[in-house]
$ cat coords-v3.cif   # mmCIF, C-alpha atoms and all ligand atoms
data_structure
#
loop_
_atom_site.group_PDB
_atom_site.id
_atom_site.type_symbol
_atom_site.label_atom_id
_atom_site.label_comp_id
_atom_site.auth_asym_id
_atom_site.auth_seq_id
_atom_site.Cartn_x
_atom_site.Cartn_y
_atom_site.Cartn_z
ATOM 1 C CA MET Y 449 89.879 -57.199 -133.503
ATOM 2 C CA LYS Y 450 91.165 -56.265 -136.945
ATOM 3 C CA LEU Y 451 87.685 -56.556 -138.381
ATOM 4 C CA LYS Y 452 86.322 -54.263 -135.700
ATOM 5 C CA THR Y 453 88.899 -51.581 -136.457
ATOM 6 C CA LEU Y 454 88.153 -51.834 -140.126
ATOM 7 C CA LYS Y 455 84.469 -51.411 -139.402
ATOM 8 C CA THR Y 456 85.081 -48.325 -137.229
ATOM 9 C CA VAL Y 457 87.266 -46.827 -139.908
ATOM 10 C CA LYS Y 458 84.562 -47.485 -142.464
ATOM 11 C CA ILE Y 459 81.906 -45.885 -140.292
ATOM 12 C CA LYS Y 460 84.136 -42.919 -139.539
ATOM 13 C CA PHE Y 461 84.776 -42.524 -143.235
ATOM 14 C CA LEU Y 462 81.077 -42.597 -143.993
ATOM 15 C CA ILE Y 463 80.321 -40.092 -141.247
ATOM 16 C CA SER Y 464 82.953 -37.684 -142.481
ATOM 17 C CA CYS Y 465 81.727 -38.012 -146.064
ATOM 18 C CA PHE Y 466 78.262 -37.269 -144.893
ATOM 19 C CA SER Y 467 79.290 -34.241 -142.877
ATOM 20 C CA ILE Y 468 81.386 -32.814 -145.692
ATOM 21 C CA PHE Y 469 78.431 -33.288 -147.976
ATOM 22 C CA SER Y 470 75.966 -31.646 -145.622
ATOM 23 C CA PHE Y 471 78.391 -28.798 -144.943
ATOM 24 C CA LEU Y 472 78.681 -28.162 -148.668
ATOM 25 C CA SER Y 473 74.975 -28.279 -149.246
ATOM 26 C CA CYS Y 474 74.262 -25.944 -146.290
ATOM 27 C CA ASN Y 475 76.811 -23.513 -147.564
ATOM 28 C CA GLN Y 476 75.388 -23.673 -151.028
ATOM 29 C CA GLN Y 477 71.941 -23.008 -149.706
ATOM 30 C CA ARG Y 478 73.154 -20.013 -147.756
ATOM 31 C CA GLU Y 479 74.932 -18.553 -150.765
ATOM 32 C CA GLN Y 480 71.897 -19.027 -152.923
ATOM 33 C CA LYS Y 481 69.709 -17.301 -150.396
ATOM 34 C CA ILE Y 482 71.965 -14.295 -150.042
ATOM 35 C CA GLU Y 483 72.515 -13.997 -153.784
ATOM 36 C CA GLN Y 484 68.801 -14.047 -154.272
ATOM 37 C CA SER Y 485 68.339 -11.214 -151.817
ATOM 38 C CA VAL Y 486 70.907 -9.094 -153.618
ATOM 39 C CA ASN Y 487 69.409 -9.581 -157.059
ATOM 40 C CA VAL Y 488 67.292 -6.748 -158.305
ATOM 41 C CA GLN Y 489 63.693 -7.886 -158.655
ATOM 42 C CA PRO Y 490 61.657 -7.490 -161.788
ATOM 43 C CA GLU Y 491 59.491 -4.402 -161.825
ATOM 44 C CA ILE Y 492 56.092 -5.017 -160.218
ATOM 45 C CA ALA Y 493 53.531 -2.226 -160.287
ATOM 46 C CA LEU Y 494 49.791 -1.863 -159.654
ATOM 47 C CA ASP Y 495 47.837 0.977 -161.217
ATOM 48 C CA LEU Y 496 45.048 1.437 -158.661
ATOM 49 C CA VAL Y 497 42.967 3.852 -160.714
ATOM 50 C CA ASP Y 498 43.027 1.459 -163.638
ATOM 51 C CA LEU Y 499 42.008 -1.459 -161.402
ATOM 52 C CA GLN Y 500 39.134 0.603 -160.008
ATOM 53 C CA SER Y 501 37.873 1.454 -163.480
ATOM 54 C CA LYS Y 502 37.867 -2.270 -164.272
ATOM 55 C CA ASN Y 503 36.011 -3.063 -161.050
ATOM 56 C CA LYS Y 504 38.910 -5.144 -159.781
ATOM 57 C CA LEU Y 505 39.469 -3.587 -156.367
ATOM 58 C CA GLY Y 506 37.447 -6.214 -154.523
ATOM 59 C CA LYS Y 507 34.660 -5.950 -151.980
ATOM 60 C CA ASP Y 508 33.603 -2.588 -150.528
ATOM 61 C CA THR Y 509 34.238 -2.931 -146.791
ATOM 62 C CA VAL Y 510 33.585 -0.340 -144.100
ATOM 63 C CA VAL Y 511 36.604 -0.017 -141.802
ATOM 64 C CA THR Y 512 36.957 1.950 -138.592
ATOM 65 C CA ILE Y 513 40.258 3.643 -137.824
ATOM 66 C CA ALA Y 514 40.699 4.741 -134.245
ATOM 67 C CA LYS Y 515 42.991 7.812 -134.012
ATOM 68 C CA ASP Y 516 43.351 8.353 -137.744
ATOM 69 C CA PRO Y 517 46.717 10.143 -138.108
ATOM 70 C CA VAL Y 518 45.531 12.472 -140.903
ATOM 71 C CA TYR Y 519 42.186 13.542 -139.424
ATOM 72 C CA HIS Y 520 43.265 13.107 -135.777
ATOM 73 C CA LYS Y 521 40.051 11.397 -134.727
ATOM 74 C CA THR Y 522 38.184 8.123 -135.202
ATOM 75 C CA LYS Y 523 37.124 7.716 -138.810
ATOM 76 C CA LYS Y 524 35.125 5.303 -140.965
ATOM 77 C CA TYR Y 525 35.804 4.611 -144.602
ATOM 78 C CA HIS Y 526 34.545 2.574 -147.498
ATOM 79 C CA ALA Y 527 37.650 0.646 -148.467
ATOM 80 C CA ALA Y 528 39.099 -2.256 -150.410
ATOM 81 C CA ASN Y 529 41.254 -4.819 -148.662
ATOM 82 C CA ALA Y 530 44.732 -3.995 -149.993
ATOM 83 C CA LEU Y 531 46.156 -7.332 -148.936
ATOM 84 C CA LEU Y 532 43.595 -9.340 -150.928
ATOM 85 C CA LEU Y 533 44.112 -6.986 -153.839
ATOM 86 C CA LEU Y 534 47.883 -7.562 -153.809
ATOM 87 C CA LYS Y 535 47.407 -11.310 -153.524
ATOM 88 C CA ASN Y 536 44.977 -11.325 -156.446
ATOM 89 C CA GLU Y 537 47.209 -9.311 -158.717
ATOM 90 C CA ILE Y 538 50.688 -10.505 -157.751
ATOM 91 C CA ASP Y 539 52.125 -13.941 -157.089
ATOM 92 C CA LEU Y 540 53.726 -13.100 -153.740
ATOM 93 C CA SER Y 541 55.387 -16.515 -153.519
ATOM 94 C CA LYS Y 542 57.787 -15.281 -156.212
ATOM 95 C CA VAL Y 543 58.668 -12.113 -154.295
ATOM 96 C CA ASP Y 544 61.575 -11.962 -151.852
ATOM 97 C CA ILE Y 545 59.372 -10.277 -149.239
ATOM 98 C CA LYS Y 546 62.082 -9.585 -146.655
ATOM 99 C CA ASN Y 547 64.157 -7.632 -149.158
ATOM 100 C CA THR Y 548 61.402 -5.688 -150.849
ATOM 101 C CA LEU Y 549 59.986 -2.222 -150.321
ATOM 102 C CA ILE Y 550 56.479 -1.227 -151.307
ATOM 103 C CA VAL Y 551 56.397 2.278 -152.754
ATOM 104 C CA PHE Y 552 53.182 4.357 -152.785
ATOM 105 C CA GLU Y 553 53.029 6.756 -155.699
ATOM 106 C CA CYS Y 554 50.895 9.841 -155.103
ATOM 107 C CA ILE Y 555 49.416 12.408 -157.499
ATOM 108 C CA ASP Y 556 51.975 15.088 -156.691
ATOM 109 C CA GLY Y 557 54.981 12.780 -157.127
ATOM 110 C CA TYR Y 558 55.386 12.093 -153.413
ATOM 111 C CA LYS Y 559 56.660 8.492 -153.064
ATOM 112 C CA PRO Y 560 56.778 7.230 -149.507
ATOM 113 C CA GLU Y 561 57.925 3.629 -149.067
ATOM 114 C CA MET Y 562 57.838 0.969 -146.378
ATOM 115 C CA SER Y 563 58.967 -2.592 -145.849
ATOM 116 C CA LEU Y 564 56.694 -5.022 -147.706
ATOM 117 C CA GLU Y 565 56.995 -7.467 -144.814
ATOM 118 C CA LEU Y 566 55.564 -4.896 -142.406
ATOM 119 C CA PHE Y 567 52.862 -3.879 -144.876
ATOM 120 C CA LEU Y 568 51.638 -7.456 -145.215
ATOM 121 C CA LYS Y 569 51.333 -7.850 -141.454
ATOM 122 C CA THR Y 570 49.082 -4.916 -140.657
ATOM 123 C CA ASN Y 571 45.749 -5.174 -142.455
ATOM 124 C CA PRO Y 572 46.161 -2.418 -145.015
ATOM 125 C CA PHE Y 573 43.021 -0.977 -146.649
ATOM 126 C CA LEU Y 574 42.627 1.362 -149.573
ATOM 127 C CA ALA Y 575 39.992 3.869 -148.526
ATOM 128 C CA PHE Y 576 38.092 5.460 -151.408
ATOM 129 C CA LYS Y 577 35.231 7.201 -149.603
ATOM 130 C CA ASP Y 578 34.777 8.766 -146.205
ATOM 131 C CA VAL Y 579 31.562 7.544 -144.482
ATOM 132 C CA ASP Y 580 31.177 10.975 -142.820
ATOM 133 C CA ALA Y 581 31.860 13.032 -145.933
ATOM 134 C CA PRO Y 582 29.554 15.998 -146.521
ATOM 135 C CA LYS Y 583 27.053 15.558 -149.370
ATOM 136 C CA GLY Y 584 28.566 15.949 -152.821
ATOM 137 C CA SER Y 585 32.073 15.011 -151.719
ATOM 138 C CA ASN Y 586 33.951 11.768 -151.099
ATOM 139 C CA TRP Y 587 35.916 13.149 -148.158
ATOM 140 C CA GLU Y 588 35.825 15.365 -145.168
ATOM 141 C CA LYS Y 589 38.334 18.139 -145.953
ATOM 142 C CA ILE Y 590 41.946 17.728 -144.896
ATOM 143 C CA ILE Y 591 43.582 20.983 -143.849
ATOM 144 C CA LYS Y 592 47.299 20.985 -144.533
ATOM 145 C CA ASN Y 593 49.501 24.078 -144.167
ATOM 146 C CA GLY Y 594 46.356 26.204 -144.396
ATOM 147 C CA ASN Y 595 45.261 24.520 -147.651
ATOM 148 C CA GLU Y 596 42.117 22.458 -148.054
ATOM 149 C CA MET Y 597 42.754 19.064 -149.628
ATOM 150 C CA ASN Y 598 40.880 15.853 -150.246
ATOM 151 C CA ALA Y 599 42.229 12.310 -150.266
ATOM 152 C CA ASP Y 600 41.139 11.268 -153.782
ATOM 153 C CA PRO Y 601 41.499 8.743 -155.281
ATOM 154 C CA PHE Y 602 42.828 6.565 -152.435
ATOM 155 C CA TYR Y 603 43.945 6.973 -148.866
ATOM 156 C CA LEU Y 604 45.960 4.104 -147.394
ATOM 157 C CA VAL Y 605 44.892 3.123 -143.861
ATOM 158 C CA TYR Y 606 45.531 0.193 -141.516
ATOM 159 C CA THR Y 607 43.138 -1.395 -139.051
ATOM 160 C CA SER Y 608 45.955 -2.779 -136.896
ATOM 161 C CA ALA Y 609 48.957 -0.447 -136.994
ATOM 162 C CA PRO Y 610 50.245 1.864 -134.277
ATOM 163 C CA THR Y 611 49.483 5.307 -135.729
ATOM 164 C CA LYS Y 612 52.534 6.971 -134.174
ATOM 165 C CA ASN Y 613 55.078 4.522 -135.610
ATOM 166 C CA GLN Y 614 56.872 6.326 -138.457
ATOM 167 C CA GLU Y 615 57.594 3.069 -140.262
ATOM 168 C CA TYR Y 616 53.951 2.860 -141.342
ATOM 169 C CA LYS Y 617 53.024 5.206 -144.150
ATOM 170 C CA TRP Y 618 49.493 6.649 -144.449
ATOM 171 C CA PRO Y 619 49.586 8.454 -147.803
ATOM 172 C CA TYR Y 620 46.505 9.965 -149.465
ATOM 173 C CA ASN Y 621 46.068 10.869 -153.156
ATOM 174 C CA VAL Y 622 47.642 7.462 -153.867
ATOM 175 C CA ILE Y 623 47.447 6.263 -157.465
ATOM 176 C CA LYS Y 624 49.929 3.375 -157.742
ATOM 177 C CA PHE Y 625 51.861 0.784 -155.776
ATOM 178 C CA HIS Y 626 55.159 -0.573 -156.919
ATOM 179 C CA PHE Y 627 57.790 -2.895 -155.476
ATOM 180 C CA GLU Y 628 61.470 -2.094 -155.244
ATOM 181 C CA SER Y 629 64.378 -4.188 -154.095
ATOM 182 C CA LYS Y 630 65.961 -2.923 -150.872
ATOM 183 C CA ASN Y 631 69.298 -3.560 -152.504
ATOM 184 C CA LYS Y 632 68.783 -1.657 -155.723
ATOM 185 C CA ASN Y 633 71.529 0.755 -154.771
ATOM 186 C CA ILE Y 634 74.103 -1.947 -154.455
ATOM 187 C CA GLU Y 635 75.990 -0.850 -157.571
ATOM 188 C CA ALA Y 636 76.788 2.368 -155.731
ATOM 189 C CA LEU Y 637 79.017 0.312 -153.429
ATOM 190 C CA GLN Y 638 81.033 -1.289 -156.200
ATOM 191 C CA PRO Y 639 84.648 -0.082 -156.533
ATOM 192 C CA LYS Y 640 85.214 1.334 -159.988
ATOM 193 C CA ASP Y 641 88.959 1.309 -160.485
ATOM 194 C CA ASP Y 642 90.553 -1.047 -157.980
ATOM 195 C CA GLU Y 643 90.973 -4.786 -158.681
ATOM 196 C CA LYS Y 644 91.934 -5.625 -155.107
ATOM 197 C CA ALA Y 645 88.942 -3.856 -153.632
ATOM 198 C CA LEU Y 646 86.683 -5.516 -156.188
ATOM 199 C CA LYS Y 647 87.554 -8.965 -154.819
ATOM 200 C CA GLY Y 648 86.654 -7.831 -151.302
ATOM 201 C CA PHE Y 649 83.434 -6.267 -152.558
ATOM 202 C CA ALA Y 650 82.291 -9.608 -154.011
ATOM 203 C CA LEU Y 651 82.863 -11.236 -150.617
ATOM 204 C CA PHE Y 652 81.232 -8.367 -148.763
ATOM 205 C CA GLN Y 653 78.182 -8.599 -150.991
ATOM 206 C CA LYS Y 654 77.888 -12.337 -150.349
ATOM 207 C CA GLN Y 655 78.668 -12.482 -146.658
ATOM 208 C CA CYS Y 656 78.138 -9.140 -144.974
ATOM 209 C CA ILE Y 657 75.670 -6.813 -146.663
ATOM 210 C CA THR Y 658 72.562 -8.546 -145.334
ATOM 211 C CA CYS Y 659 73.569 -7.307 -141.866
ATOM 212 C CA HIS Y 660 75.846 -4.288 -142.442
ATOM 213 C CA ALA Y 661 75.426 -1.090 -144.421
ATOM 214 C CA ILE Y 662 78.115 0.899 -146.195
ATOM 215 C CA ASN Y 663 77.191 4.536 -146.859
ATOM 216 C CA GLY Y 664 73.709 3.747 -145.580
ATOM 217 C CA ILE Y 665 73.085 0.916 -148.076
ATOM 218 C CA GLY Y 666 72.627 -2.603 -146.709
ATOM 219 C CA GLY Y 667 71.231 -4.425 -143.695
ATOM 220 C CA GLU Y 668 70.698 -3.027 -140.232
ATOM 221 C CA MET Y 669 71.202 -5.951 -137.922
ATOM 222 C CA GLY Y 670 74.858 -4.990 -137.452
ATOM 223 C CA PRO Y 671 76.350 -1.483 -137.370
ATOM 224 C CA GLU Y 672 77.089 0.659 -140.453
ATOM 225 C CA LEU Y 673 80.767 0.082 -141.286
ATOM 226 C CA ASN Y 674 81.774 3.205 -143.245
ATOM 227 C CA TYR Y 675 79.862 6.341 -142.379
ATOM 228 C CA PRO Y 676 80.626 8.717 -140.722
ATOM 229 C CA LYS Y 677 83.689 6.792 -139.515
ATOM 230 C CA SER Y 678 84.989 3.675 -141.246
ATOM 231 C CA VAL Y 679 85.810 0.698 -139.026
ATOM 232 C CA THR Y 680 89.269 0.823 -140.651
ATOM 233 C CA GLU Y 681 89.802 4.184 -138.950
ATOM 234 C CA TYR Y 682 89.223 2.983 -135.407
ATOM 235 C CA TRP Y 683 90.281 -0.690 -135.514
ATOM 236 C CA LYS Y 684 93.898 -1.842 -135.881
ATOM 237 C CA GLU Y 685 94.075 -3.550 -139.257
ATOM 238 C CA THR Y 686 95.390 -6.914 -137.991
ATOM 239 C CA GLU Y 687 92.724 -7.052 -135.286
ATOM 240 C CA LEU Y 688 89.989 -6.200 -137.750
ATOM 241 C CA VAL Y 689 91.091 -9.060 -140.011
ATOM 242 C CA ASP Y 690 90.982 -11.452 -137.041
ATOM 243 C CA TYR Y 691 87.632 -10.135 -135.835
ATOM 244 C CA ILE Y 692 85.950 -10.792 -139.178
ATOM 245 C CA VAL Y 693 87.292 -14.369 -139.148
ATOM 246 C CA ASP Y 694 86.173 -15.073 -135.592
ATOM 247 C CA PRO Y 695 84.090 -12.410 -133.815
ATOM 248 C CA ALA Y 696 83.495 -14.646 -130.782
ATOM 249 C CA SER Y 697 87.204 -14.552 -129.923
ATOM 250 C CA PHE Y 698 86.813 -10.785 -129.316
ATOM 251 C CA ARG Y 699 83.403 -10.354 -127.756
ATOM 252 C CA ASN Y 700 81.387 -12.384 -125.311
ATOM 253 C CA LYS Y 701 77.850 -13.260 -126.482
ATOM 254 C CA VAL Y 702 78.577 -11.760 -129.873
ATOM 255 C CA LYS Y 703 75.662 -11.593 -132.317
ATOM 256 C CA MET Y 704 77.785 -11.627 -135.438
ATOM 257 C CA PRO Y 705 78.203 -15.240 -136.590
ATOM 258 C CA THR Y 706 81.480 -16.924 -137.470
ATOM 259 C CA LEU Y 707 80.990 -17.176 -141.200
ATOM 260 C CA GLY Y 708 83.760 -19.565 -142.181
ATOM 261 C CA ILE Y 709 85.822 -16.817 -143.807
ATOM 262 C CA THR Y 710 89.556 -17.465 -144.279
ATOM 263 C CA LYS Y 711 92.192 -15.018 -143.155
ATOM 264 C CA GLN Y 712 93.048 -14.280 -146.795
ATOM 265 C CA GLU Y 713 89.408 -13.486 -147.605
ATOM 266 C CA SER Y 714 89.152 -11.334 -144.521
ATOM 267 C CA LYS Y 715 92.188 -9.335 -145.703
ATOM 268 C CA GLU Y 716 90.455 -8.784 -149.037
ATOM 269 C CA ILE Y 717 87.320 -7.574 -147.285
ATOM 270 C CA VAL Y 718 89.414 -5.181 -145.205
ATOM 271 C CA ASP Y 719 91.042 -3.877 -148.418
ATOM 272 C CA TYR Y 720 87.568 -3.162 -149.692
ATOM 273 C CA LEU Y 721 86.595 -1.428 -146.448
ATOM 274 C CA LYS Y 722 89.753 0.722 -146.685
ATOM 275 C CA TYR Y 723 88.855 1.636 -150.263
ATOM 276 C CA MET Y 724 85.335 2.636 -149.199
ATOM 277 C CA SER Y 725 86.723 4.750 -146.339
ATOM 278 C CA LYS Y 726 87.996 7.064 -149.088
ATOM 279 C CA ASN Y 727 84.584 7.044 -150.770
ATOM 280 C CA LYS Y 728 82.196 8.142 -148.056
ATOM 281 C CA LYS Y 729 78.858 9.603 -148.890
ATOM 282 C CA ILE Y 730 75.302 9.325 -147.752
HETATM 283 C C1 LIG H 1 74.043 -12.093 -139.268
HETATM 284 C C2 LIG H 1 74.476 -10.724 -139.254
HETATM 285 C C3 LIG H 1 75.914 -10.382 -139.513
HETATM 286 C C4 LIG H 1 76.702 -10.775 -140.575
HETATM 287 C C5 LIG H 1 76.331 -11.697 -141.714
HETATM 288 C C6 LIG H 1 77.933 -10.061 -140.412
HETATM 289 N N1 LIG H 1 77.911 -9.299 -139.290
HETATM 290 FE FE1 LIG H 1 79.385 -8.079 -138.644
HETATM 291 N N2 LIG H 1 78.305 -7.651 -136.983
HETATM 292 C C7 LIG H 1 77.031 -8.068 -136.742
HETATM 293 C C8 LIG H 1 76.597 -7.526 -135.469
HETATM 294 C C9 LIG H 1 75.229 -7.735 -134.833
HETATM 295 C C10 LIG H 1 77.672 -6.766 -134.963
HETATM 296 C C11 LIG H 1 77.719 -5.984 -133.656
HETATM 297 C C12 LIG H 1 78.506 -6.710 -132.648
HETATM 298 C C13 LIG H 1 77.853 -7.986 -132.235
HETATM 299 O O1 LIG H 1 77.030 -7.991 -131.344
HETATM 300 O O2 LIG H 1 78.157 -9.004 -132.852
HETATM 301 C C14 LIG H 1 78.730 -6.874 -135.934
HETATM 302 C C15 LIG H 1 79.949 -6.243 -135.808
HETATM 303 C C16 LIG H 1 80.892 -6.140 -136.814
HETATM 304 C C17 LIG H 1 82.085 -5.327 -136.760
HETATM 305 C C18 LIG H 1 82.534 -4.470 -135.601
HETATM 306 C C19 LIG H 1 81.975 -3.072 -135.773
HETATM 307 C C20 LIG H 1 82.473 -2.102 -134.724
HETATM 308 O O3 LIG H 1 82.226 -0.921 -134.900
HETATM 309 O O4 LIG H 1 83.091 -2.523 -133.745
HETATM 310 C C21 LIG H 1 82.728 -5.485 -137.949
HETATM 311 C C22 LIG H 1 84.016 -4.829 -138.384
HETATM 312 C C23 LIG H 1 81.926 -6.406 -138.741
HETATM 313 N N3 LIG H 1 80.826 -6.787 -138.007
HETATM 314 C C24 LIG H 1 82.250 -6.787 -140.017
HETATM 315 C C25 LIG H 1 81.560 -7.776 -140.719
HETATM 316 C C26 LIG H 1 81.982 -8.290 -141.999
HETATM 317 C C27 LIG H 1 83.185 -7.782 -142.779
HETATM 318 C C28 LIG H 1 81.082 -9.243 -142.342
HETATM 319 C C29 LIG H 1 81.107 -10.137 -143.544
HETATM 320 C C30 LIG H 1 82.253 -10.946 -143.708
HETATM 321 C C31 LIG H 1 80.071 -9.310 -141.302
HETATM 322 N N4 LIG H 1 80.404 -8.415 -140.339
HETATM 323 C C32 LIG H 1 78.968 -10.140 -141.320
HETATM 324 C C33 LIG H 1 76.252 -8.848 -137.555
HETATM 325 C C34 LIG H 1 76.700 -9.469 -138.707
#
$ encode --input "coords-v3.cif" --output "structure tokens" --more "lines below"
Ligand code: HEC
Amino acid sequence: MKLKTLKTVKIKFLISCFSIFSFLSCNQQREQKIEQSVNVQPEIALDLVDLQSKNKLGKDTVVTIAKDPVYHKTKKYHAANALLLLKNEIDLSKVDIKNTLIVFECIDGYKPEMSLELFLKTNPFLAFKDVDAPKGSNWEKIIKNGNEMNADPFYLVYTSAPTKNQEYKWPYNVIKFHFESKNKNIEALQPKDDEKALKGFALFQKQCITCHAINGIGGEMGPELNYPKSVTEYWKETELVDYIVDPASFRNKVKMPTLGITKQESKEIVDYLKYMSKNKKI
């Protein structure tokens, strides 16, 4: 009988050691992941004109684009596979794809950007010559605001993207690609002169920013928390503190997870949110 109890105690002890250990390691993993996403990535850029002059664009492929959004009809182009090109030039396994934007630099300084994750999913091609171009030109003319333009040197097209979705960018006169971290503006959210708020900011950056934006900067899975109205302006402070600790005790089928935040930490986050409510801008 005694032996049995001792055994159970031993097993229980082992189980609890194991669960504490796995809890710690899970938590560590999560922190690492989030920290990684907040770090600014090293500058990665591709000079397309330079690559073309070195014959490094890859195979010339003819692609057909139904409902081309620039020419408003079906078009055919000689193009290089932009995905293969990226993979040849950049080690994508080192890039935090979910938190990266690809920026397309154009001749006139126009710099549209889109999510790298989306870009990689949709068969992007760099068109460099229009199959139906009149003799002596690479392109059929583009008429924009009454002006005649051409698409030189590159026009970015996709063989499998919905042409009306604004998230996809179809720039022409493209000369370079570069990558930017989605979180590069994070310093703009850092309190300058308030120790208390600074503590809350560190927690917010670790636990919240992947899902929530402040002044338009941050994730979009949850609602913006500061602009135009701060949550501290329409929640009672004590309730807000409790909500952050345990959202499920307020809302049925809540999407926001219980993050294991203590009441004290939640108060610090709320201090930060109050500070930011006096620093709104977008
Ligand atoms: C995994 C994503 C996620 C994380 C991480 C997260 N939230 Fe949320 N949060 C949500 C979502 C989604 C909602 C919208 C309500 C719902 O369905 O849960 C929400 C709602 C809220 C609300 C209520 C907003 C309102 O207008 O009523 C507050 C306040 C809030 N979150 C604060 C925080 C804070 C502070 C943190 C960090 C400690 C945090 N959240 C972390 C996803 C998240």
$ closest_atom_pairs --input "coords-v3.cif" --of "chain Y" --to "ligand LIG 1 (chain H)" --cutoff "8 Å" --atoms "only C-alpha atoms and all ligand atoms" --output "CSV"
residue,atom,partner,partner_atom,distance
Y:Leu651,CA,H:LIG1,C30,6.9
Y:Phe652,CA,H:LIG1,C29,5.5
Y:Lys654,CA,H:LIG1,C29,7.8
Y:Gln655,CA,H:LIG1,C29,4.6
Y:Cys656,CA,H:LIG1,C29,3.4
Y:Ile657,CA,H:LIG1,C5,7.0
Y:Thr658,CA,H:LIG1,C5,6.1
Y:Cys659,CA,H:LIG1,C2,4.4
Y:His660,CA,H:LIG1,N1,6.3
Y:Met669,CA,H:LIG1,C9,5.4
Y:Gly670,CA,H:LIG1,C8,3.7
Y:Pro671,CA,H:LIG1,C10,6.0
Y:Glu672,CA,H:LIG1,C19,7.7
Y:Leu673,CA,H:LIG1,C19,6.5
Y:Val679,CA,H:LIG1,O3,5.7
Y:Trp683,CA,H:LIG1,O4,7.6
Y:Leu688,CA,H:LIG1,C22,6.2
Y:Tyr691,CA,H:LIG1,C22,6.9
Y:Ile692,CA,H:LIG1,C27,5.4
Y:Val693,CA,H:LIG1,C30,7.6
Y:Pro695,CA,H:LIG1,O2,6.9
Y:Arg699,CA,H:LIG1,O2,7.4
Y:Lys701,CA,H:LIG1,O1,7.2
Y:Val702,CA,H:LIG1,O2,4.1
Y:Lys703,CA,H:LIG1,O2,3.6
Y:Met704,CA,H:LIG1,O2,3.7
Y:Pro705,CA,H:LIG1,C1,5.9
Y:Leu707,CA,H:LIG1,C30,6.8
Y:Ile709,CA,H:LIG1,C30,6.9
Y:Ser714,CA,H:LIG1,C30,7.0
Y:Ile717,CA,H:LIG1,C27,6.1
Y:Val718,CA,H:LIG1,C27,7.2
$ resolve_selection --input "coords-v3.cif" --expression "the PyMOL selection byres (((chain Y and resi 526) around 12) and not hetatm)" --output "number ranges by chain"
Y: 505-513, 523-525, 527-529, 573-581, 586-587, 602-605
$ residues_around --input "coords-v3.cif" --residues "His520 (chain Y)" --least-positions-apart "3" --cutoff "12 Å" --atoms "all atoms listed in the file" --output "list in words"
Ile513, Ala514, Lys515, Asp516, Pro517, Lys523, Ile590, Ile591, Thr611 and Lys612 of chain Y
$ resolve_selection --input "coords-v3.cif" --expression "the PyMOL selection byres (((chain Y and resi 555) around 8) and not hetatm)" --output "mmCIF file with C-alpha atoms, keeping the file's coordinate frame"
data_model
loop_
_atom_site.group_PDB
_atom_site.id
_atom_site.type_symbol
_atom_site.label_atom_id
_atom_site.label_comp_id
_atom_site.auth_asym_id
_atom_site.auth_seq_id
_atom_site.Cartn_x
_atom_site.Cartn_y
_atom_site.Cartn_z
ATOM 1 C CA GLU Y 553 53.029 6.756 -155.699
ATOM 2 C CA CYS Y 554 50.895 9.841 -155.103
ATOM 3 C CA ASP Y 556 51.975 15.088 -156.691
ATOM 4 C CA GLY Y 557 54.981 12.780 -157.127
ATOM 5 C CA TYR Y 558 55.386 12.093 -153.413
ATOM 6 C CA ASN Y 621 46.068 10.869 -153.156
ATOM 7 C CA VAL Y 622 47.642 7.462 -153.867
ATOM 8 C CA ILE Y 623 47.447 6.263 -157.465
#
$ atom_distance --input "coords-v3.cif" --atom1 "CA of Gln653 (chain Y)" --atom2 "CA of Ser697 (chain Y)"
23.7 Å
